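> Got a structure for you, questions after.
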Amino acid sequence: MKIEIAFLYNDLMNIYGDRGNVITLTRRCEWRGIEAKVTPLTVGDKLDPDKYDLYFFGGGQDREQYTVADDLKGEKGRLLKQAATEGAVILGICGGYQLLGHYYRPFEGPDLPGIGALDIHTIAGHQRYIGNVVVETAFGTLVAFENHSGKTYLGSQAHPLGKSVIGGGNNGEDSTEGAIQQNVFGCYLHGSLLPKNPHFADHLLKLALQRRYGAVELSPLDNKLEEAAHHSAMQRARETR
Amino acid sequence: MKQTFAIATGKALLILLQRTGRGGTALPGLIAQRLDPHILTGLTARLPSGSAVVTGTNGKTTTTRLFSTILQQAGLKVVNNRSGSNLIRGLTSTLLDQATFSGKLVADVGLFEVDEAAFPQAIAEIGPRLILVNNLFRDQLDRYGEIDTIRKRWVASVQKLGVGTTLVLNADDPSVAYLARFAPTGVRTVFFGLDDPAQTLSELPHAVDATKCVVCGSPLRYSAVYISHMGHYQCTNCDFKRPEPDYLAQNILLQGTSTTQFTLTTPAEPLPLSLGVPGLYNVYNATGAAAAALTLGLAPENVRLGLAEFKAAFGRIERVALAEDKALLLALVKNPVGFNEVLRMLTTSAEPKLKLLIIINDLIADGRDVSWLWDVDFEVLAGKVEQVFTGGLRAADMAVRLKYAGVASSLIRVEEDIATVLKEATEHLLPGETLYVTPTYTAMLQTRQILQKMGMVLPFWEE
């Protein structure tokens, strides 16, 4: 088996160690004898929606986010949305999450358009949510670190990824964290997210492989270290917030 | 009058606290500041030879100490600060310590290390003669905000610099060199950098913060990369490029974990230098300190002796000898770039297989977000370690990072408790072996305390 992963804007949207998610997906394939190929796709690169099974889209600084939004405005954004509609798995974190939505509204200036693969929008906020977080989801508990001031609101097409148990969540108001729509996942979870939430990493891999190969069972891996990190992150979340 | 009263009160409080064994507090500074909001400006103005400020993300402590050693070689009495969160208060306390009750200062010159976030306020209050800017890296984003924000604040304070100020800038760091564009008329800019083909990296490492032009946003093209985004760059679109350095480190000879030699090209004679600390990043620190000192008119001989005499006693790397010829080598880690440099030093040292102890805490001073561990290229350790212990509040996160970097799980031992893991790791050493210990800031403080309790003599350390 083989999985094709596209690492969107790996050179621009990479400020909070989010590449740990790509490393985790890749390693967990390799350990199972599944070939994982990662292709970086940055500004100016063409996107072939038939090629990739999984897209990763991390967070960046404001300036980079404008460059990326600009790059996604035309054909490329349309193709990425098409991939989403056709069932490709996409994971967007923070800035990547926001750009998967309809728009980001800054304090000043025009809205920053997203690709609309998630029925969400984000508005600049005055309060910054920073700290360890715990989120309850249908795929198990997620532990992570949030760091954002944008407030994200879900429309009717998107479902929350989970319930924010510790942390600000999407907007500090409705206790939701992240969003899901088809196989598109977005959230504010840094940490990196997937290394210490291996169950969620495997869920994404399974979805991506199933689309290409039909029913797939992933062989179990030794998750002792990952689980220890999961528990210590949960403990730190309880102690620090 | 108000100031005289504030100085005398602060001074009295400081002496009282020192007598009761609570030295080093920011409280006298705070009280004096309440009594006179302009006290810091007033105090620094009383320094006969004025002040200099050192800022940047990595290496400012070492650079300040190198600079200070050079100034002392020249016979100057230097007042230094301790870096910390309440910078202005801390600075005021430090100066009060050096002042008489009547407000006369004992020191000749002030040399202050300033956090990148505190830089604008410190510059405004201190009014230094010289400002040395080392570099700008991603460091604890949750505390300092994003790099762009910091750069904008730096630009704003450079625009306000007074006539006669000198800016000593790292030409190899685009964000730092960029500041020269905003220097008002009458502000002198001096550049330093590296030029040594033998030290270039084959590609930009992952933890790179600035690959885009700070002026126009187009990609930068590098003809040489030394550390992270520092090197010889040129914008592919506009006229922004690395300025020609006035002071240039060449013929660099890194000798593992002990010393470094290089030649400093200056506007006058080239200067052969020997440095008592290892690592390429210390060449940057020493070059910056030397450029600043020579710019202030100090004799080359003072620079040479100062750098040669400098020991890593307070620095980022120190060696602790144990019985049976065993040793500990402590190196502080606080961000991806610094950690990458430490890994580079360890993996190019003579040891074929390393024994390593990585201690990661996530308290405020460490950076509460441990995501940065995923920006460090631990992949270089795969196949090079015999045993890795991980300790601290985030020992488990660190272990996972190593596992995904290709270090076999069987070689990783996780133990959060620092005292326990230190004991285990040192017991694991064979005669003649070295344990490399890389703690984050608060983990370093704890580690040192524990080592002292274990009976080891450590030099005084402060970051």
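Residue names in the structure tokens use chain letters A, B, ... in the order shown, residue numbers from 1 in each chain, and ligand numbers from 1 in the order shown.
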Could you build a table of the residues in chain A lying no more than 6 Å from chain B, giving for each the nearest pair of atoms and their separation in Å rounded to one decimal place, using only C-alpha atoms, ordered by chain and ascending residue number, as a Markdown table?


```
| residue | atom | partner | partner_atom | distance |
| --- | --- | --- | --- | --- |
| A:Tyr16 | CA | B:Ser371 | CA | 5.8 |
| A:Gly17 | CA | B:Trp374 | CA | 4.8 |
| A:Gly20 | CA | B:Trp374 | CA | 5.3 |
| A:Gly191 | CA | B:Ser371 | CA | 4.4 |
| A:Ser192 | CA | B:Ser371 | CA | 5.3 |
| A:Leu225 | CA | B:Val400 | CA | 5.8 |
| A:Glu226 | CA | B:Val400 | CA | 5.9 |
| A:Ala228 | CA | B:Ala396 | CA | 5.8 |
| A:Ala229 | CA | B:Ala396 | CA | 4.5 |
```

> May I have the residues within 9 Å of range 174-189 of chain B as a PyMOL selection string, using only C-alpha atoms and disregarding those fewer than 6 positions away in the same chain?

chain B and resi 56+133-136+151+154-156+158-168+210-211+213-215+229-231+233+240-243

> Those residues you just picked out, can you put them in a file as an mmCIF file, in the first residue's frame with C-alpha atoms?


```cif
data_model
loop_
_atom_site.group_PDB
_atom_site.id
_atom_site.type_symbol
_atom_site.label_atom_id
_atom_site.label_comp_id
_atom_site.auth_asym_id
_atom_site.auth_seq_id
_atom_site.Cartn_x
_atom_site.Cartn_y
_atom_site.Cartn_z
ATOM 1 C CA GLY B 56 18.896 39.262 19.987
ATOM 2 C CA VAL B 133 21.942 43.252 17.598
ATOM 3 C CA ASN B 134 22.881 39.596 17.263
ATOM 4 C CA ASN B 135 20.017 37.814 15.545
ATOM 5 C CA LEU B 136 16.278 37.288 15.499
ATOM 6 C CA ARG B 151 10.778 43.263 13.929
ATOM 7 C CA TRP B 154 12.570 47.131 16.560
ATOM 8 C CA VAL B 155 12.206 49.230 13.419
ATOM 9 C CA ALA B 156 10.122 51.777 15.337
ATOM 10 C CA VAL B 158 15.643 52.345 15.544
ATOM 11 C CA GLN B 159 13.805 55.221 13.834
ATOM 12 C CA LYS B 160 13.876 57.116 17.121
ATOM 13 C CA LEU B 161 17.602 56.684 17.843
ATOM 14 C CA GLY B 162 19.499 59.844 18.722
ATOM 15 C CA VAL B 163 22.378 61.333 16.725
ATOM 16 C CA GLY B 164 25.713 59.777 17.668
ATOM 17 C CA THR B 165 24.321 56.303 18.433
ATOM 18 C CA THR B 166 26.114 53.372 16.809
ATOM 19 C CA LEU B 167 24.258 50.278 15.620
ATOM 20 C CA VAL B 168 26.360 47.128 15.364
ATOM 21 C CA ALA B 210 13.191 34.034 7.443
ATOM 22 C CA THR B 211 13.536 32.660 3.945
ATOM 23 C CA CYS B 213 12.715 38.943 1.840
ATOM 24 C CA VAL B 214 11.751 41.254 4.708
ATOM 25 C CA VAL B 215 11.365 44.119 2.243
ATOM 26 C CA HIS B 229 18.750 31.616 8.186
ATOM 27 C CA MET B 230 22.097 33.346 8.785
ATOM 28 C CA GLY B 231 24.415 33.493 5.813
ATOM 29 C CA TYR B 233 21.640 36.090 0.990
ATOM 30 C CA PHE B 240 17.823 43.726 -0.533
ATOM 31 C CA LYS B 241 20.963 41.705 0.139
ATOM 32 C CA ARG B 242 23.509 40.988 2.826
ATOM 33 C CA PRO B 243 25.484 44.196 3.412
#
```

> Tell me, as JSON, numbers by chain, which residues lie within 7 Å of range 154-165 of chain A, counting only C-alpha atoms; anything in the same chain fewer than 6 positions away does not count.

{"A": [118, 119, 120, 121, 134, 135, 136, 137, 175, 176, 177, 178, 179, 180, 181]}

> Neighbouring residues of range 66-70 of chain A were defined as those with any atom within 8 Å, considering only C-alpha atoms; residues of the same chain fewer than 2 positions away were excluded. Please report them as a count of residues only.

12

> Extract the full set of alpha helix (DSSP H) residues from range 67-119 of chain B according to DSSP on the backbone, and format it as a PyMOL selection string.

chain B and resi 67-73+87-97+119

> Restricting the output to N, CA and C atoms, write the selected residues as a short mmCIF file (atom, residue, chain, number, x, y, z; two decimals), in the first residue's frame.


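Output (result_38.cif):
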```
data_model
loop_
_atom_site.label_atom_id
_atom_site.label_comp_id
_atom_site.auth_asym_id
_atom_site.auth_seq_id
_atom_site.Cartn_x
_atom_site.Cartn_y
_atom_site.Cartn_z
N PHE B 67 31.85 40.78 25.55
CA PHE B 67 32.01 42.23 25.42
C PHE B 67 32.53 42.80 26.75
N SER B 68 31.93 42.34 27.82
CA SER B 68 32.30 42.81 29.15
C SER B 68 33.75 42.45 29.49
N THR B 69 34.15 41.23 29.14
CA THR B 69 35.53 40.80 29.39
C THR B 69 36.51 41.69 28.64
N ILE B 70 36.15 42.05 27.41
CA ILE B 70 37.02 42.94 26.62
C ILE B 70 37.12 44.32 27.28
N LEU B 71 35.98 44.85 27.71
CA LEU B 71 35.98 46.17 28.36
C LEU B 71 36.84 46.14 29.63
N GLN B 72 36.73 45.05 30.37
CA GLN B 72 37.52 44.94 31.59
C GLN B 72 39.02 44.86 31.28
N GLN B 73 39.35 44.19 30.18
CA GLN B 73 40.75 44.15 29.73
C GLN B 73 41.29 45.56 29.53
N LEU B 87 12.57 43.61 33.30
CA LEU B 87 13.86 44.13 32.89
C LEU B 87 14.17 45.53 33.44
N ILE B 88 13.23 46.45 33.29
CA ILE B 88 13.51 47.83 33.67
C ILE B 88 13.75 47.93 35.18
N ARG B 89 12.91 47.22 35.94
CA ARG B 89 13.10 47.17 37.39
C ARG B 89 14.44 46.56 37.75
N GLY B 90 14.76 45.44 37.06
CA GLY B 90 16.02 44.75 37.31
C GLY B 90 17.21 45.66 37.04
N LEU B 91 17.14 46.37 35.91
CA LEU B 91 18.21 47.30 35.54
C LEU B 91 18.36 48.39 36.60
N THR B 92 17.23 48.92 37.05
CA THR B 92 17.27 49.97 38.06
C THR B 92 17.91 49.44 39.33
N SER B 93 17.52 48.23 39.74
CA SER B 93 18.13 47.63 40.94
C SER B 93 19.63 47.46 40.78
N THR B 94 20.05 46.97 39.59
CA THR B 94 21.47 46.76 39.34
C THR B 94 22.24 48.07 39.46
N LEU B 95 21.68 49.12 38.88
CA LEU B 95 22.37 50.42 38.92
C LEU B 95 22.37 51.00 40.34
N LEU B 96 21.29 50.76 41.06
CA LEU B 96 21.25 51.23 42.45
C LEU B 96 22.36 50.58 43.26
N ASP B 97 22.59 49.30 42.94
CA ASP B 97 23.63 48.56 43.62
C ASP B 97 25.00 49.21 43.39
N PHE B 119 13.31 45.38 24.30
CA PHE B 119 14.26 46.24 23.59
C PHE B 119 13.77 47.68 23.40
#
```

> Just asking: which residues within range 134-203 of chain A are strand (DSSP E or B) according to DSSP, as a PyMOL selection string?

chain A and resi 134-137+140-148+151-154+159+162-166+176-177+179-181+184-187+190

> How far is it from CA of Gly59 in chain A to CA of Val333 in chain B, in Å with one decimal?

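These atoms are spaced 23.7 Å apart.
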